[in-house]
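*Asks:* Pasting a structure below so you can have a look.
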Amino acid sequence: MESKEYEVEIGGKKITAVFSNLADQANGSVMLKCDGTVVMATAVISKNGDKNLGFFNLTVEYLEKFYAAGKILGGQYNKREGKASDQAILAARVVDRTIRPLFDQYIKNAVQVIVTVLAVGGADPKTLAINASSIVLSISDIPWNGPIGAVQIGKAKPARNADGTASAGGGEQEIKVNNYIPGSDEPVYDLDLLVCGKDQTINMIESMAFELSEDEIGKCFELASSEISKWEDFQKKLQSEFGKEKLVFTKTETEEDAVSLFNEKIKPMLEEKLFSSESKKVTHEAEELWSEILGEKYPEGSDENKKSAAEDYLHTYLDDAFHKTALDKQVRADGRKIDQIRKLYAKAGGISEVLHGSGIFYRGETHVLSVLSLGGVEDKLLVQGMESESKKRFMHHYNFPPYSAGETGRVGGVNRREMGHGFLAEKALTPVIPDKITFPYTIRVVSESMASNGSTSQASICASTIALMDGGVPIKSPVAGISIGLMADEKDPNRYVLLSDIQGPEDHYGDMDFKVAGTKNGITAIQLDVKVGGIRIPVLKEALLRAKTAREEILETITKEIAAPRENISPNAPKILVTKIDKEKIGMIIGPGGKNINAIREETNTEITIEEDGTVFVTGKNGGADKAVKIIEEMTHEYKVGETAQAEVVKLMEFGAFVRFGHDTEGLVHISEIAPFRVEKVSDILKEGDKVPVKIIKVDERGRLNLSIKEADKDFFKPKAQA
């Protein structure tokens with residue numbers, strides 16, 4: 001294999017780009033290596049666009065291979081990789097969202113980018129995947145307006161001791177570039193930020209933060225941008241070395257008679273109602289009528305490119321209209337002010353007492369219902385992936401049924417959009433979820449989009465916050481999310497308008513969808529998608545402050561409905577108790593082959609989980625958890641001199657009696673310790689099965705207990721003359 005290697009240093013790490021003939025049938029290919037992590041990206045464009053689907057046909061695939069981590073995963077009868085994991089789907093979305101805006105959307109030929117993870121080491125394969133995709137598109141003959149760079153910014157959590165106190169040197173951590181931290185059972189970072197961009201602008205953000213300030217996030221954008229510039233310079237050098245001459249695709253212009261038809265039939269109806277309460281309705285009617293008109297003008301067999309150009313003319317008109325009116329008059333489609341949020345509504349509970357918790361949130365025509373379910377420790381989700389294996393105790397899932405948009409369609413399965421929206425809300429809420437010792441439940445929230453007109457993902461965050469508080473989950477602080485849009489002048493970058501709470505048309509025809517979620521204390525999640533080449537950092541900083549103002553208004557609505565988590569969880573939820581035992585006694589609780597622990601589970605109808613440090617989680621209903629904890633504590637209790645208990649006589653001896661108390665603990669009551677008077681014969685005063693009080697008077701070197709009845713209760717037995 002012939003190959004050439006080129007190196008660049010980003011964030012203190014060396015990254016190597018390898019060019020070879022390994023995948024020489026593709027329009028472009030590259031291998032990117034860093035710290036043992038290797039990804040390979042390829043890009044291919046179809047030979048023609050005859051079977052175009054009516055839109056720019058880009059597909060991005062991110063392929064995880066178990067061999068990349070030296071693993072043989074899968075079921076007993078199938079060891080091949082199956083369907084894409086959640087993490088692979090999310091990674092593909094990140095690559096797609098970064099590169100898509102930089103294609104000329106009029107290209108009819110299909111483009112496919114495939115990233116294959118060949119090895120997983122100490123670098124983030126997702127970040128390498130984005131940069132590798134940019135490299136192959138830049139050096140290929142596929143028209144693309146890159147390159148871009150992607151960097152991961154991380155801030156680790158302060159180190160803690162087992163008891164939760166700060167460890168030596170465990171103070172505030174610094175923000176680092178390429179601070180890759182694989183998945184774990186509990187978040188181990190205060191910031192996980194992925195930023196992509198070009199030319200000192202940003203075009204994609206994916207972030208989770210533990211209540212960081214707008215100012216700190218803004219500084220991270222600047223740090224990322226400086227590192228992205230290094231990526232751009234590196235790729236431009238590669239392009240000059242390996243770059244192919246780009247294919248040329250001519251944009252088909254709309255025919256004059258089609259424009260005349262539009263001006264006669266469509267334009268008047270839009271001019272009348274586009275900026276009114278009927279904006280959404282008239283837009284839909286215009287699309288249907290224009291499609292009908294073009295169906296007659298371009299019957300089957302006509303030039304598809306000309307028909308497609310005419311179809312796009314409607315969208316070009318709408319795009320220009322929304323931009324021009326926002327920039328010139330600061331008027332929005334529904335008449336709101338640019339910083340005005342639509343009417344808000346919040347409802348906690350009220351669906352059914354069977355549910356563990358529920359929340360309803362309205363923001364204008366966007367309506368979401370979120371429902372909470374609480375489970376035991378054993379209900380955690382096992383995430384068995386290529387990069388790491390972990391267990392999730394908090395999950396958020398999102399559904400977008402067809403009726404949400406007033407449409408019919410396929411029901412069942414989860415598409416990439418639903419996956420991405422659900423995970424964004426999960427990121428936003430994770431920073432406020434209580435730790436497992438404080439609240440050991442497995443938590444699942446499902447958000448159902450009931451009606452949609454703009455940013456159901458952010459409404460899901462709000463509804464889920466309500467559901468969590470309604471269910472008594474002691475979240476650290478309520479979370480709300482909002483989307484900030486942008487209408488910018490293409491010719492003058494300093495002329496723009498930010499739009500709070502964007503709805504459908506502003507999302508579709510606007511220049512950005514900047515989703516920001518957080519609490520009153522700071523930001524917990526960010527996601528940025530753009531329709532243009534990139535957004536300048538000062539604009540994003542301004543948008544962060546606009547989002548903060550909107551977030552505070554939404555939080556006020558939520559807290560008026562439910563000010564804090566309810567004191568008690570639903571009686572329908574299982575009860576979880578936590579106790580701690582000596583690590584040396586874990587084996588005794590489990591017993592040979594699990595005999596002891598299984599017996600407790602069966603007797604109490606509970607789930608019992610014991611961790612390596614001796615923490616025991618017991619999940620059950622109807623008093624089962626209390627009973628199981630009592631058994632475990634009795635089994636592991638270390639009795640000391642002076643303690644008392646109720647015991648049962650189990651065996652009589654000439655020198656005394658053996659008694660049992662607690663959970664199978666035995667000890668000896670010597671004949672001299674039975675009563676405060678002389679006992680001639682043990683059987684004269686005791687028989688097997690008697691219940692007697694005992695006091696521990698001695699624990700010998702082998703742990704055997706010597707007990708006394710008379711010291712526990714000197715009046716329990718009286719001389720026969722007094723009886």
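Ordering of the structure tokens sets the chain letters (A, B, ...), residue numbers begin anew at 1 in every chain, and ligands are numbered from 1 in the order given.
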Do a neighbour search on A:Phe103 at 8 Å with only C-alpha atoms, toss out local chain neighbours closer than 4 positions, and write the hits as JSON, numbers by chain.

*Replies:* {"A": [99, 143, 144, 145]}

*Asks:* Those residues with C-alpha atoms, as a PDB file, in the first residue's frame please?

*Replies:*
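For reference, again_10.pdb as written:
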ATOM      1  CA  ILE A  99     -20.985  19.600   6.496  1.00  0.00           C
ATOM      2  CA  PRO A 143     -18.106  20.683  -4.900  1.00  0.00           C
ATOM      3  CA  TRP A 144     -18.064  21.812  -1.276  1.00  0.00           C
ATOM      4  CA  ASN A 145     -17.464  25.146   0.434  1.00  0.00           C
TER       5      ASN A 145
END

*Asks:* Nearest residue to A:Phe439 out of A:Gly74, A:Gly413, A:Pro474, A:Pro401, using only C-alpha atoms?

*Replies:* A:Pro474

*Asks:* Set the distance at 12 Å and use only C-alpha atoms: which residues neighbour A:Met31 once local chain neighbours fewer than 5 positions away are removed? I'd like the list as a PDB file with C-alpha atoms, in the first residue's frame.

*Replies:*
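Done, and the output landed in selection_6.pdb:
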ATOM      1  CA  SER A   3       0.820   6.093   1.455  1.00  0.00           C
ATOM      2  CA  LYS A   4       1.826   9.593   2.503  1.00  0.00           C
ATOM      3  CA  GLU A   5       1.492  11.004   6.006  1.00  0.00           C
ATOM      4  CA  TYR A   6       1.085  14.579   7.188  1.00  0.00           C
ATOM      5  CA  GLU A   7       1.004  15.820  10.787  1.00  0.00           C
ATOM      6  CA  ILE A  15      -2.854  14.180  14.525  1.00  0.00           C
ATOM      7  CA  THR A  16      -1.735  12.327  11.420  1.00  0.00           C
ATOM      8  CA  ALA A  17      -3.547  12.286   8.073  1.00  0.00           C
ATOM      9  CA  VAL A  18      -2.724   9.226   5.958  1.00  0.00           C
ATOM     10  CA  PHE A  19      -3.440   9.204   2.210  1.00  0.00           C
ATOM     11  CA  SER A  20      -3.237   5.904   0.345  1.00  0.00           C
ATOM     12  CA  ASN A  21      -4.801   3.839  -2.433  1.00  0.00           C
ATOM     13  CA  LEU A  22      -6.676   1.677   0.093  1.00  0.00           C
ATOM     14  CA  ALA A  23     -10.088   3.022  -0.972  1.00  0.00           C
ATOM     15  CA  THR A  37      -7.699   6.263  17.579  1.00  0.00           C
ATOM     16  CA  VAL A  38      -8.041   5.758  13.822  1.00  0.00           C
ATOM     17  CA  VAL A  39     -10.972   6.741  11.601  1.00  0.00           C
ATOM     18  CA  MET A  40     -11.301   6.410   7.860  1.00  0.00           C
ATOM     19  CA  ALA A  41     -13.545   8.728   5.866  1.00  0.00           C
ATOM     20  CA  THR A  42     -14.671   8.353   2.274  1.00  0.00           C
ATOM     21  CA  ILE A 114     -19.005   7.216   5.295  1.00  0.00           C
ATOM     22  CA  VAL A 115     -16.789   7.302   8.366  1.00  0.00           C
ATOM     23  CA  THR A 116     -15.508   3.955   9.675  1.00  0.00           C
ATOM     24  CA  VAL A 117     -13.953   3.813  13.133  1.00  0.00           C
ATOM     25  CA  LEU A 118     -10.996   1.430  12.774  1.00  0.00           C
ATOM     26  CA  ALA A 119      -9.487   1.762  16.256  1.00  0.00           C
ATOM     27  CA  PRO A 125     -13.395   9.324  17.282  1.00  0.00           C
ATOM     28  CA  LEU A 128     -11.781  12.992  14.218  1.00  0.00           C
ATOM     29  CA  ALA A 129     -14.737  11.862  12.092  1.00  0.00           C
ATOM     30  CA  ASN A 131     -12.329  16.562  10.505  1.00  0.00           C
ATOM     31  CA  ALA A 132     -11.759  13.493   8.339  1.00  0.00           C
ATOM     32  CA  SER A 133     -15.034  14.203   6.513  1.00  0.00           C
ATOM     33  CA  SER A 134     -13.912  17.753   5.876  1.00  0.00           C
ATOM     34  CA  ILE A 135     -10.558  16.551   4.514  1.00  0.00           C
ATOM     35  CA  VAL A 136     -12.055  14.049   2.050  1.00  0.00           C
TER      36      VAL A 136
END

*Asks:* One decimal, Å: what's the distance from atom CA of A:Lys157 over to atom CA of A:Gly12, could you say?

*Replies:*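 That distance, rounded to one decimal, is 20.6 Å.
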
*Asks:* Find the residues around A:Gly122 up to 7 Å (only C-alpha atoms counted), leave out those fewer than 2 positions away in its own chain, and share them as a list in words.

*Replies:* Asp35, Gly36, Thr37, Val120 and Asp124 of chain A

*Asks:* Smallest atom-to-atom distance to A:Val650: which of A:Ile632, A:Val692, A:Ala550, A:Val95, using only C-alpha atoms?

*Replies:*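 So, comparing all the options, the nearest one is A:Val692.
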
*Asks:* Run DSSP on the backbone and tell me which residues of stretch 163-341 of chain A come out as strand (DSSP E or B); list them as a ChimeraX atom specification.

*Replies:* /A:166,176-177,189-198,201-212

*Asks:* State, in Å with one decimal place, the distance from atom CA of A:Ile217 to atom CA of A:Ile554.

*Replies:*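 We find that atom CA of A:Ile217 and atom CA of A:Ile554 lie 21.2 Å from each other.
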
*Asks:* Just the residues within 7 Å of A:Gly376, please, counting only C-alpha atoms, with nothing from its chain fewer than 2 positions along; format it as a PDB file with N, CA and C atoms, in the first residue's frame.

*Replies:*
ATOM      1  N   GLU A 378     -31.584  -2.085  39.380  1.00  0.00           N
ATOM      2  CA  GLU A 378     -31.395  -3.096  38.342  1.00  0.00           C
ATOM      3  C   GLU A 378     -32.009  -2.682  37.009  1.00  0.00           C
ATOM      4  N   ASP A 379     -32.785  -1.585  36.997  1.00  0.00           N
ATOM      5  CA  ASP A 379     -33.410  -1.119  35.759  1.00  0.00           C
ATOM      6  C   ASP A 379     -32.506  -0.219  34.933  1.00  0.00           C
ATOM      7  N   TYR A 441     -32.836   5.905  42.448  1.00  0.00           N
ATOM      8  CA  TYR A 441     -33.744   5.351  41.432  1.00  0.00           C
ATOM      9  C   TYR A 441     -33.157   5.438  40.030  1.00  0.00           C
ATOM     10  N   THR A 442     -33.559   4.502  39.184  1.00  0.00           N
ATOM     11  CA  THR A 442     -33.367   4.639  37.743  1.00  0.00           C
ATOM     12  C   THR A 442     -34.514   5.501  37.237  1.00  0.00           C
ATOM     13  N   ILE A 576     -36.918   2.448  47.411  1.00  0.00           N
ATOM     14  CA  ILE A 576     -35.509   2.056  47.414  1.00  0.00           C
ATOM     15  C   ILE A 576     -34.859   2.530  48.704  1.00  0.00           C
ATOM     16  N   THR A 619     -34.640  -2.592  46.486  1.00  0.00           N
ATOM     17  CA  THR A 619     -35.827  -2.067  45.817  1.00  0.00           C
ATOM     18  C   THR A 619     -36.992  -3.015  46.045  1.00  0.00           C
TER      19      THR A 619
END

*Asks:* Which is closer to A:Gly357 than all the others in A:Asp513, A:Asp199, A:Glu680, A:Asp470, using only C-alpha atoms?

*Replies:*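 Closest residue, counting only C-alpha atoms: A:Asp470.
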
*Asks:* I'd like to know which of A:Val699, A:Met635, A:Leu193, A:Ile537 is closest to A:Lys585, using only C-alpha atoms.

*Replies:*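 Of the candidates, the smallest distance to A:Lys585 is held by A:Met635.
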
*Asks:* I'd like to know which of A:Gly472, A:Gly409, A:Gly510, A:Gly218 is closest to A:Glu490, using only C-alpha atoms.

*Replies:*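 Nearest to A:Glu490: A:Gly510.
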
*Asks:* Find the residue from A:Leu314, A:Leu344, A:Ala647, A:Ile107 that sits nearest to A:Asp50; use only C-alpha atoms when measuring.

*Replies:*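 Among the listed residues, A:Ile107 lies closest to A:Asp50.
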
*Asks:* Give me, as a PDB file with C-alpha atoms, in the first residue's frame, all polymer residues having an atom no more than 12 Å from A:Glu9, counting only C-alpha atoms and skipping those fewer than 4 positions away in the same chain.

*Replies:*
ATOM      1  CA  LYS A  13      -1.964  16.460  20.432  1.00  0.00           C
ATOM      2  CA  LYS A  14      -0.395  15.247  17.205  1.00  0.00           C
ATOM      3  CA  ILE A  15      -2.854  14.180  14.525  1.00  0.00           C
ATOM      4  CA  THR A  16      -1.735  12.327  11.420  1.00  0.00           C
ATOM      5  CA  ALA A  17      -3.547  12.286   8.073  1.00  0.00           C
ATOM      6  CA  LYS A  33      -4.947   9.030  13.535  1.00  0.00           C
ATOM      7  CA  CYS A  34      -4.511  10.409  17.043  1.00  0.00           C
ATOM      8  CA  ASP A  35      -3.507   8.693  20.305  1.00  0.00           C
ATOM      9  CA  VAL A 151     -12.452  20.617  18.257  1.00  0.00           C
ATOM     10  CA  VAL A 177      -8.815  21.306  24.104  1.00  0.00           C
ATOM     11  CA  ASN A 178      -9.144  17.641  23.083  1.00  0.00           C
ATOM     12  CA  GLU A 227      -7.766  25.814  17.265  1.00  0.00           C
ATOM     13  CA  ILE A 228     -10.162  25.452  14.317  1.00  0.00           C
ATOM     14  CA  SER A 229      -7.981  27.907  12.368  1.00  0.00           C
ATOM     15  CA  LYS A 230      -5.086  25.452  12.691  1.00  0.00           C
ATOM     16  CA  TRP A 231      -7.267  22.735  11.178  1.00  0.00           C
ATOM     17  CA  ASP A 233      -4.595  25.899   7.503  1.00  0.00           C
ATOM     18  CA  PHE A 234      -3.621  22.225   7.619  1.00  0.00           C
TER      19      PHE A 234
END

*Asks:* Would you mind listing what lies within 9 Å of A:Ala459 as an MDAnalysis selection string, with only C-alpha atoms counted and same-chain residues fewer than 6 positions away left out?

*Replies:* chainID A and resid 361:363 366:368 449 480:482

*Asks:* Going by DSSP on the backbone, which residues of stretch 34-107 of chain A come out as helix (DSSP H, G or I)? List them as an MDAnalysis selection string.

*Replies:* chainID A and resid 66:69 86:102

*Asks:* Just to be explicit: take each residue in the selection above, keep C-alpha atoms, and write the result as an mmCIF file, in the first residue's frame.

*Replies:*
data_model
loop_
_atom_site.group_PDB
_atom_site.id
_atom_site.type_symbol
_atom_site.label_atom_id
_atom_site.label_comp_id
_atom_site.auth_asym_id
_atom_site.auth_seq_id
_atom_site.Cartn_x
_atom_site.Cartn_y
_atom_site.Cartn_z
ATOM 1 C CA PHE A 66 -16.236 -3.806 17.612
ATOM 2 C CA TYR A 67 -12.735 -4.763 16.508
ATOM 3 C CA ALA A 68 -11.837 -1.092 16.924
ATOM 4 C CA ALA A 69 -11.873 -1.655 20.680
ATOM 5 C CA ASP A 86 -27.486 5.363 19.621
ATOM 6 C CA GLN A 87 -23.995 6.849 19.859
ATOM 7 C CA ALA A 88 -23.261 6.038 16.210
ATOM 8 C CA ILE A 89 -26.522 7.664 15.091
ATOM 9 C CA LEU A 90 -25.756 10.779 17.118
ATOM 10 C CA ALA A 91 -22.209 10.911 15.727
ATOM 11 C CA ALA A 92 -23.546 10.664 12.159
ATOM 12 C CA ARG A 93 -25.946 13.530 12.885
ATOM 13 C CA VAL A 94 -23.103 15.681 14.166
ATOM 14 C CA VAL A 95 -21.075 15.128 10.987
ATOM 15 C CA ASP A 96 -24.157 15.726 8.817
ATOM 16 C CA ARG A 97 -25.132 18.953 10.592
ATOM 17 C CA THR A 98 -21.590 20.281 10.186
ATOM 18 C CA ILE A 99 -20.985 19.600 6.496
ATOM 19 C CA ARG A 100 -24.503 19.938 5.018
ATOM 20 C CA PRO A 101 -24.760 23.766 5.070
ATOM 21 C CA LEU A 102 -21.575 24.027 2.982
#
